[in-house]
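The data block below is start.pdb; it holds PDB, C-alpha atoms.
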MODEL        1
ATOM      1  CA  MET A   1     -43.563   0.338 307.106
ATOM      2  CA  LYS A   2     -40.353  -1.231 308.409
ATOM      3  CA  THR A   3     -37.094   0.004 306.919
ATOM      4  CA  ILE A   4     -34.606  -2.745 306.024
ATOM      5  CA  PRO A   5     -31.065  -1.840 307.153
ATOM      6  CA  ILE A   6     -28.498  -2.765 304.512
ATOM      7  CA  ALA A   7     -24.703  -3.010 304.363
ATOM      8  CA  ILE A   8     -22.657  -2.848 301.181
ATOM      9  CA  VAL A   9     -19.231  -4.511 301.033
ATOM     10  CA  ASP A  10     -17.525  -3.820 297.704
ATOM     11  CA  ASP A  11     -14.044  -2.556 296.810
ATOM     12  CA  HIS A  12     -15.296  -0.783 293.674
ATOM     13  CA  THR A  13     -15.948   2.681 295.100
ATOM     14  CA  LEU A  14     -18.013   4.024 292.217
ATOM     15  CA  MET A  15     -20.126   0.877 292.111
ATOM     16  CA  SER A  16     -20.775   0.802 295.841
ATOM     17  CA  LYS A  17     -21.608   4.507 296.017
ATOM     18  CA  ALA A  18     -23.963   4.306 293.031
ATOM     19  CA  LEU A  19     -25.610   1.281 294.618
ATOM     20  CA  GLU A  20     -25.986   3.099 297.916
ATOM     21  CA  ASN A  21     -27.531   6.152 296.242
ATOM     22  CA  MET A  22     -29.986   3.997 294.318
ATOM     23  CA  ILE A  23     -31.062   2.086 297.415
ATOM     24  CA  MET A  24     -31.415   5.218 299.544
ATOM     25  CA  GLU A  25     -33.901   6.682 297.073
ATOM     26  CA  ASN A  26     -36.364   4.039 298.252
ATOM     27  CA  PRO A  27     -37.711   4.753 301.773
ATOM     28  CA  GLN A  28     -38.158   1.027 302.403
ATOM     29  CA  TYR A  29     -34.391   0.605 302.685
ATOM     30  CA  SER A  30     -31.530   2.268 304.516
ATOM     31  CA  VAL A  31     -27.823   1.775 303.829
ATOM     32  CA  ILE A  32     -26.223   1.909 307.277
ATOM     33  CA  MET A  33     -22.758   0.607 306.322
ATOM     34  CA  ASN A  34     -20.559   0.753 303.215
ATOM     35  CA  HIS A  35     -17.064  -0.753 303.296
ATOM     36  CA  PRO A  36     -14.428  -1.667 300.669
ATOM     37  CA  ASN A  37     -13.510  -5.095 302.053
ATOM     38  CA  GLY A  38     -14.501  -7.751 304.552
ATOM     39  CA  GLU A  39     -11.840  -6.813 307.067
ATOM     40  CA  ASP A  40     -13.052  -3.220 307.390
ATOM     41  CA  PHE A  41     -16.661  -4.373 307.450
ATOM     42  CA  ILE A  42     -16.098  -6.847 310.280
ATOM     43  CA  ALA A  43     -14.154  -4.278 312.314
ATOM     44  CA  ALA A  44     -16.990  -1.767 311.913
ATOM     45  CA  LEU A  45     -19.640  -4.398 312.577
ATOM     46  CA  GLU A  46     -18.148  -5.292 315.954
ATOM     47  CA  LYS A  47     -18.474  -1.646 317.037
ATOM     48  CA  ALA A  48     -21.840  -0.901 315.408
ATOM     49  CA  SER A  49     -24.878   0.099 317.448
ATOM     50  CA  GLU A  50     -27.180  -1.146 314.659
ATOM     51  CA  LEU A  51     -26.632  -4.297 312.627
ATOM     52  CA  PRO A  52     -27.646  -4.689 308.992
ATOM     53  CA  ALA A  53     -30.362  -7.206 308.162
ATOM     54  CA  VAL A  54     -29.005  -7.767 304.646
ATOM     55  CA  VAL A  55     -25.473  -7.463 303.285
ATOM     56  CA  LEU A  56     -24.744  -6.969 299.582
ATOM     57  CA  MET A  57     -21.392  -8.725 299.326
ATOM     58  CA  ASP A  58     -18.837  -8.529 296.545
ATOM     59  CA  ILE A  59     -16.681 -11.655 296.193
ATOM     60  CA  ASN A  60     -13.273 -10.553 294.910
ATOM     61  CA  MET A  61     -11.924  -8.066 297.451
ATOM     62  CA  PRO A  62      -8.540  -7.459 299.114
ATOM     63  CA  TYR A  63      -7.707  -8.325 302.749
ATOM     64  CA  LYS A  64     -10.798 -10.491 303.307
ATOM     65  CA  ASN A  65     -12.857 -11.601 300.308
ATOM     66  CA  GLY A  66     -16.577 -12.194 300.106
ATOM     67  CA  ILE A  67     -16.411 -15.926 300.762
ATOM     68  CA  GLU A  68     -14.276 -15.496 303.893
ATOM     69  CA  THR A  69     -16.419 -12.632 305.152
ATOM     70  CA  THR A  70     -19.629 -14.591 304.581
ATOM     71  CA  GLU A  71     -18.201 -17.560 306.477
ATOM     72  CA  TRP A  72     -17.396 -15.227 309.381
ATOM     73  CA  LEU A  73     -20.910 -13.768 309.338
ATOM     74  CA  THR A  74     -22.482 -17.223 309.234
ATOM     75  CA  GLU A  75     -20.541 -18.167 312.365
ATOM     76  CA  HIS A  76     -20.861 -14.911 314.347
ATOM     77  CA  HIS A  77     -24.058 -13.288 313.038
ATOM     78  CA  PRO A  78     -26.210 -16.023 311.442
ATOM     79  CA  ASN A  79     -29.265 -13.745 311.391
ATOM     80  CA  ILE A  80     -27.593 -11.348 308.948
ATOM     81  CA  LYS A  81     -28.496 -12.405 305.410
ATOM     82  CA  VAL A  82     -25.847 -12.172 302.682
ATOM     83  CA  ILE A  83     -26.585 -11.597 299.014
ATOM     84  CA  ALA A  84     -23.573 -12.043 296.758
ATOM     85  CA  LEU A  85     -23.429  -9.211 294.245
ATOM     86  CA  THR A  86     -20.711  -9.951 291.711
ATOM     87  CA  MET A  87     -19.535 -10.237 288.121
ATOM     88  CA  GLU A  88     -18.556 -13.884 288.727
ATOM     89  CA  ASP A  89     -20.775 -16.391 286.932
ATOM     90  CA  ASP A  90     -18.461 -19.316 287.653
ATOM     91  CA  GLU A  91     -20.416 -22.195 289.184
ATOM     92  CA  LYS A  92     -17.476 -23.134 291.430
ATOM     93  CA  VAL A  93     -17.469 -19.632 292.930
ATOM     94  CA  LEU A  94     -21.246 -19.797 293.234
ATOM     95  CA  ILE A  95     -21.105 -23.064 295.168
ATOM     96  CA  LYS A  96     -18.351 -21.767 297.477
ATOM     97  CA  MET A  97     -20.373 -18.651 298.231
ATOM     98  CA  LEU A  98     -23.548 -20.608 298.936
ATOM     99  CA  LYS A  99     -21.652 -23.071 301.125
ATOM    100  CA  ALA A 100     -20.244 -20.111 303.039
ATOM    101  CA  GLY A 101     -23.815 -19.131 303.860
ATOM    102  CA  ALA A 102     -24.963 -16.673 301.196
ATOM    103  CA  LYS A 103     -28.751 -16.567 300.793
ATOM    104  CA  GLY A 104     -28.748 -15.059 297.317
ATOM    105  CA  TYR A 105     -26.439 -14.622 294.328
ATOM    106  CA  LEU A 106     -26.884 -11.780 291.826
ATOM    107  CA  LEU A 107     -24.819 -10.640 288.876
ATOM    108  CA  LYS A 108     -24.050  -6.922 288.885
ATOM    109  CA  ASP A 109     -25.730  -6.381 285.537
ATOM    110  CA  MET A 110     -29.167  -7.311 286.942
ATOM    111  CA  GLN A 111     -32.107  -4.930 286.849
ATOM    112  CA  PRO A 112     -32.680  -2.769 289.982
ATOM    113  CA  SER A 113     -36.096  -4.377 290.397
ATOM    114  CA  ILE A 114     -34.406  -7.794 290.760
ATOM    115  CA  LEU A 115     -32.106  -6.406 293.456
ATOM    116  CA  PHE A 116     -35.008  -5.034 295.492
ATOM    117  CA  GLN A 117     -36.943  -8.255 295.002
ATOM    118  CA  ALA A 118     -33.932 -10.208 296.250
ATOM    119  CA  ILE A 119     -33.531  -8.001 299.327
ATOM    120  CA  ASP A 120     -37.226  -8.275 300.212
ATOM    121  CA  THR A 121     -37.339 -12.041 299.659
ATOM    122  CA  VAL A 122     -34.161 -12.739 301.629
ATOM    123  CA  PHE A 123     -35.356 -10.475 304.449
ATOM    124  CA  ASP A 124     -38.816 -12.063 304.621
ATOM    125  CA  LYS A 125     -38.242 -15.675 303.585
ATOM    126  CA  GLY A 126     -34.528 -16.358 303.966
ATOM    127  CA  SER A 127     -33.260 -16.975 300.436
ATOM    128  CA  PHE A 128     -33.573 -15.803 296.824
ATOM    129  CA  TYR A 129     -32.220 -17.470 293.705
ATOM    130  CA  THR A 130     -32.597 -16.225 290.144
ATOM    131  CA  ASP A 131     -33.182 -18.564 287.211
ATOM    132  CA  PHE A 132     -29.465 -18.196 286.433
ATOM    133  CA  VAL A 133     -28.488 -19.560 289.845
ATOM    134  CA  ALA A 134     -31.126 -22.279 289.740
ATOM    135  CA  GLN A 135     -29.781 -23.497 286.389
ATOM    136  CA  LYS A 136     -26.219 -23.510 287.722
ATOM    137  CA  LEU A 137     -27.250 -25.464 290.816
ATOM    138  CA  LEU A 138     -29.272 -27.899 288.717
ATOM    139  CA  LYS A 139     -26.237 -28.482 286.484
ATOM    140  CA  VAL A 140     -23.993 -29.137 289.503
ATOM    141  CA  LYS A 141     -26.593 -31.423 291.084
ATOM    142  CA  THR A 142     -26.990 -33.331 287.819
ATOM    143  CA  GLU A 143     -23.223 -33.782 287.554
ATOM    144  CA  ASP A 144     -23.075 -34.989 291.182
ATOM    145  CA  ILE A 145     -25.835 -37.515 290.517
ATOM    146  CA  LYS A 146     -24.054 -38.725 287.375
ATOM    147  CA  THR A 147     -20.764 -39.118 289.255
ATOM    148  CA  ALA A 148     -22.463 -40.981 292.102
ATOM    149  CA  SER A 149     -24.054 -43.291 289.547
ATOM    150  CA  LEU A 150     -20.698 -43.936 287.860
ATOM    151  CA  LEU A 151     -18.990 -44.675 291.170
ATOM    152  CA  SER A 152     -21.768 -47.032 292.261
ATOM    153  CA  GLU A 153     -21.104 -49.183 289.192
ATOM    154  CA  LEU A 154     -17.515 -49.868 290.204
ATOM    155  CA  LYS A 155     -16.756 -53.177 291.868
ATOM    156  CA  ASP A 156     -14.331 -53.387 294.799
ATOM    157  CA  ARG A 157     -11.601 -54.990 292.704
ATOM    158  CA  GLU A 158     -12.035 -52.304 290.059
ATOM    159  CA  LYS A 159     -11.584 -49.629 292.727
ATOM    160  CA  GLU A 160      -8.451 -51.435 293.887
ATOM    161  CA  PHE A 161      -7.206 -51.471 290.296
ATOM    162  CA  ILE A 162      -7.825 -47.712 290.045
ATOM    163  CA  LYS A 163      -5.675 -47.085 293.139
ATOM    164  CA  TRP A 164      -2.810 -49.043 291.608
ATOM    165  CA  ALA A 165      -3.338 -47.272 288.272
ATOM    166  CA  CYS A 166      -2.558 -43.989 290.043
ATOM    167  CA  SER A 167       0.967 -45.274 290.682
ATOM    168  CA  GLU A 168       3.870 -45.532 288.271
ATOM    169  CA  LEU A 169       3.451 -49.288 287.952
ATOM    170  CA  THR A 170       2.873 -50.841 284.552
ATOM    171  CA  TYR A 171      -0.282 -52.853 283.991
ATOM    172  CA  LYS A 172       1.804 -56.045 284.228
ATOM    173  CA  GLU A 173       3.240 -54.919 287.572
ATOM    174  CA  ILE A 174      -0.276 -54.062 288.775
ATOM    175  CA  ALA A 175      -1.339 -57.580 287.827
ATOM    176  CA  ASP A 176       1.466 -58.959 290.024
ATOM    177  CA  LYS A 177       0.429 -56.704 292.951
ATOM    178  CA  MET A 178      -3.187 -57.837 292.665
ATOM    179  CA  PHE A 179      -2.207 -61.502 292.119
ATOM    180  CA  LEU A 180      -4.069 -61.543 288.824
ATOM    181  CA  SER A 181      -3.159 -62.296 285.232
ATOM    182  CA  PRO A 182      -2.322 -59.426 282.840
ATOM    183  CA  LYS A 183      -5.353 -60.462 280.793
ATOM    184  CA  THR A 184      -7.638 -59.991 283.820
ATOM    185  CA  ILE A 185      -6.106 -56.565 284.470
ATOM    186  CA  ASP A 186      -6.733 -55.631 280.857
ATOM    187  CA  GLY A 187     -10.339 -56.603 281.441
ATOM    188  CA  TYR A 188     -10.557 -54.395 284.526
ATOM    189  CA  ARG A 189      -8.985 -51.542 282.599
ATOM    190  CA  ASP A 190     -11.439 -51.798 279.727
ATOM    191  CA  SER A 191     -14.378 -52.142 282.095
ATOM    192  CA  VAL A 192     -13.350 -49.109 284.161
ATOM    193  CA  PHE A 193     -12.730 -46.998 281.057
ATOM    194  CA  THR A 194     -16.213 -47.877 279.788
ATOM    195  CA  LYS A 195     -18.012 -47.275 283.090
ATOM    196  CA  LEU A 196     -16.293 -43.948 283.763
ATOM    197  CA  GLU A 197     -16.483 -42.826 280.153
ATOM    198  CA  ILE A 198     -12.759 -42.122 279.873
ATOM    199  CA  LYS A 199     -10.291 -43.051 277.155
ATOM    200  CA  ASN A 200      -6.860 -43.481 278.731
ATOM    201  CA  ARG A 201      -4.875 -43.902 281.945
ATOM    202  CA  VAL A 202      -4.267 -40.165 282.321
ATOM    203  CA  GLY A 203      -8.016 -39.563 282.275
ATOM    204  CA  LEU A 204      -8.446 -42.339 284.837
ATOM    205  CA  VAL A 205      -5.894 -40.787 287.190
ATOM    206  CA  LEU A 206      -7.484 -37.342 286.878
ATOM    207  CA  PHE A 207     -10.916 -38.807 287.654
ATOM    208  CA  ALA A 208      -9.516 -40.760 290.598
ATOM    209  CA  LEU A 209      -7.777 -37.705 292.055
ATOM    210  CA  LYS A 210     -10.922 -35.600 291.711
ATOM    211  CA  HIS A 211     -13.056 -38.182 293.502
ATOM    212  CA  ASP A 212     -10.526 -39.394 296.107
ATOM    213  CA  LEU A 213     -10.122 -42.840 294.604
ATOM    214  CA  CYS A 214      -6.305 -42.807 294.685
TER     215      CYS A 214
ENDMDL
END
Turn the structure described in the file into structure tokens.
Amino acid sequence: MKTIPIAIVDDHTLMSKALENMIMENPQYSVIMNHPNGEDFIAALEKASELPAVVLMDINMPYKNGIETTEWLTEHHPNIKVIALTMEDDEKVLIKMLKAGAKGYLLKDMQPSILFQAIDTVFDKGSFYTDFVAQKLLKVKTEDIKTASLLSELKDREKEFIKWACSELTYKEIADKMFLSPKTIDGYRDSVFTKLEIKNRVGLVLFALKHDLC
């Protein structure tokens, strides 16, 4: 039976030590590295005679956080699989971690059996996502699809109107810039508000900034 070499990178000493002790009780796994931050881990990794196959990576750490460390691993050691092990259930953090190259994302209150399942699956198949992560990703994907659909409904002149709406110009001044009547601009405004499901100019500017329409 092959032993899976594991590294733990977590600045919570009690947590990381308890995790190490739990893992070492199972002969299928071996914790070969345990470091409090990404900077120390990378320094040790570059001198190590044996590399871990799986890294259990905290996200919020000093010196070099989990996202930065995972990005470094993805570039320099793409064969090392990272599983984020964190208290963060924020979908933005989740997406950043996955984009950095993490192959799994677990909350620290998960059952030990889930952790071992994640390690085995990532080691054998490359990735492991719990129902929690799948739901988060589905929500993000659904929002992306909705946004893409909203943007596809905008006509070129409406997009031009949105760019001008991001300025300090009044609607009448925007009409002059676009060589249109104020009534036509009012029509564009109402149409854009309806299509993007927003209620006022502030909401329009916020949407435009978020989606690079300004």
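Around stretch 186-200 of chain A, within 9 Å and counting only C-alpha atoms, the residues found are Thr147, Leu150, Leu151, Glu153, Leu154, Arg157, Glu158, Lys159, Phe161, Ile162, Tyr171, Ser181, Val205 and Phe207 of chain A, once anything fewer than 5 positions away on its own chain is removed.
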Pairwise distance for atom CA of A:Ile23 and atom CA of A:Glu39, rounded to one decimal in Å: 23.3 Å
Residues picked by the PyMOL selection byres ((chain A and resi 86) around 6) here, as a PDB file with C-alpha atoms, keeping the file's coordinate frame?
ATOM      1  CA  ASP A  58     -18.837  -8.529 296.545  1.00  0.00           C
ATOM      2  CA  LEU A  85     -23.429  -9.211 294.245  1.00  0.00           C
ATOM      3  CA  MET A  87     -19.535 -10.237 288.121  1.00  0.00           C
ATOM      4  CA  GLU A  88     -18.556 -13.884 288.727  1.00  0.00           C
ATOM      5  CA  LEU A 107     -24.819 -10.640 288.876  1.00  0.00           C
ATOM      6  CA  LYS A 108     -24.050  -6.922 288.885  1.00  0.00           C
TER       7      LYS A 108
END
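Closest to A:Ala102 among A:Thr170, A:Thr121, A:Thr74, A:Asn79 is A:Thr74, based on all atoms listed in the file.
Going from atom CA of A:Lys92 to atom CA of A:Leu51 covers 29.8 Å.
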Run the PyMOL selection byres ((chain A and resi 16) around 12) on the file and write out the hits as a ChimeraX atom specification. /A:7-15,17-23,31,33-37,56-58,85-86,108
Using C-alpha atoms, can you write the selected residues to a file as a tab-separated table (two decimals), in the coordinates of the input?
chain	number	residue	atom	x	y	z
A	7	ALA	CA	-24.70	-3.01	304.36
A	8	ILE	CA	-22.66	-2.85	301.18
A	9	VAL	CA	-19.23	-4.51	301.03
A	10	ASP	CA	-17.52	-3.82	297.70
A	11	ASP	CA	-14.04	-2.56	296.81
A	12	HIS	CA	-15.30	-0.78	293.67
A	13	THR	CA	-15.95	2.68	295.10
A	14	LEU	CA	-18.01	4.02	292.22
A	15	MET	CA	-20.13	0.88	292.11
A	17	LYS	CA	-21.61	4.51	296.02
A	18	ALA	CA	-23.96	4.31	293.03
A	19	LEU	CA	-25.61	1.28	294.62
A	20	GLU	CA	-25.99	3.10	297.92
A	21	ASN	CA	-27.53	6.15	296.24
A	22	MET	CA	-29.99	4.00	294.32
A	23	ILE	CA	-31.06	2.09	297.42
A	31	VAL	CA	-27.82	1.78	303.83
A	33	MET	CA	-22.76	0.61	306.32
A	34	ASN	CA	-20.56	0.75	303.21
A	35	HIS	CA	-17.06	-0.75	303.30
A	36	PRO	CA	-14.43	-1.67	300.67
A	37	ASN	CA	-13.51	-5.10	302.05
A	56	LEU	CA	-24.74	-6.97	299.58
A	57	MET	CA	-21.39	-8.72	299.33
A	58	ASP	CA	-18.84	-8.53	296.54
A	85	LEU	CA	-23.43	-9.21	294.24
A	86	THR	CA	-20.71	-9.95	291.71
A	108	LYS	CA	-24.05	-6.92	288.88
Considering all atoms listed in the file, can you say which of A:Lys96, A:Ile83, A:Lys2, A:His77 comes closest to A:Phe116? A:Ile83
Neighbours of A:Leu209 within 12 Å (only C-alpha atoms; same-chain residues fewer than 3 positions away dropped), as a short mmCIF file (atom, residue, chain, number, x, y, z; two decimals) with C-alpha atoms, in the frame of the given file?
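So out-v2.cif came out as:
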data_model
loop_
_atom_site.label_atom_id
_atom_site.label_comp_id
_atom_site.auth_asym_id
_atom_site.auth_seq_id
_atom_site.Cartn_x
_atom_site.Cartn_y
_atom_site.Cartn_z
CA ILE A 162 -7.82 -47.71 290.04
CA LYS A 163 -5.68 -47.08 293.14
CA ALA A 165 -3.34 -47.27 288.27
CA CYS A 166 -2.56 -43.99 290.04
CA SER A 167 0.97 -45.27 290.68
CA VAL A 202 -4.27 -40.16 282.32
CA GLY A 203 -8.02 -39.56 282.27
CA LEU A 204 -8.45 -42.34 284.84
CA VAL A 205 -5.89 -40.79 287.19
CA LEU A 206 -7.48 -37.34 286.88
CA ASP A 212 -10.53 -39.39 296.11
CA LEU A 213 -10.12 -42.84 294.60
CA CYS A 214 -6.30 -42.81 294.68
#
Please, which residues are within 12 Å of (-26.6, -17.5, 302.9) by the file's coordinates, counting only C-alpha atoms, and could they come as a PyMOL selection string? chain A and resi 54-57+66-67+69-75+77-84+94-105+122-123+125-129
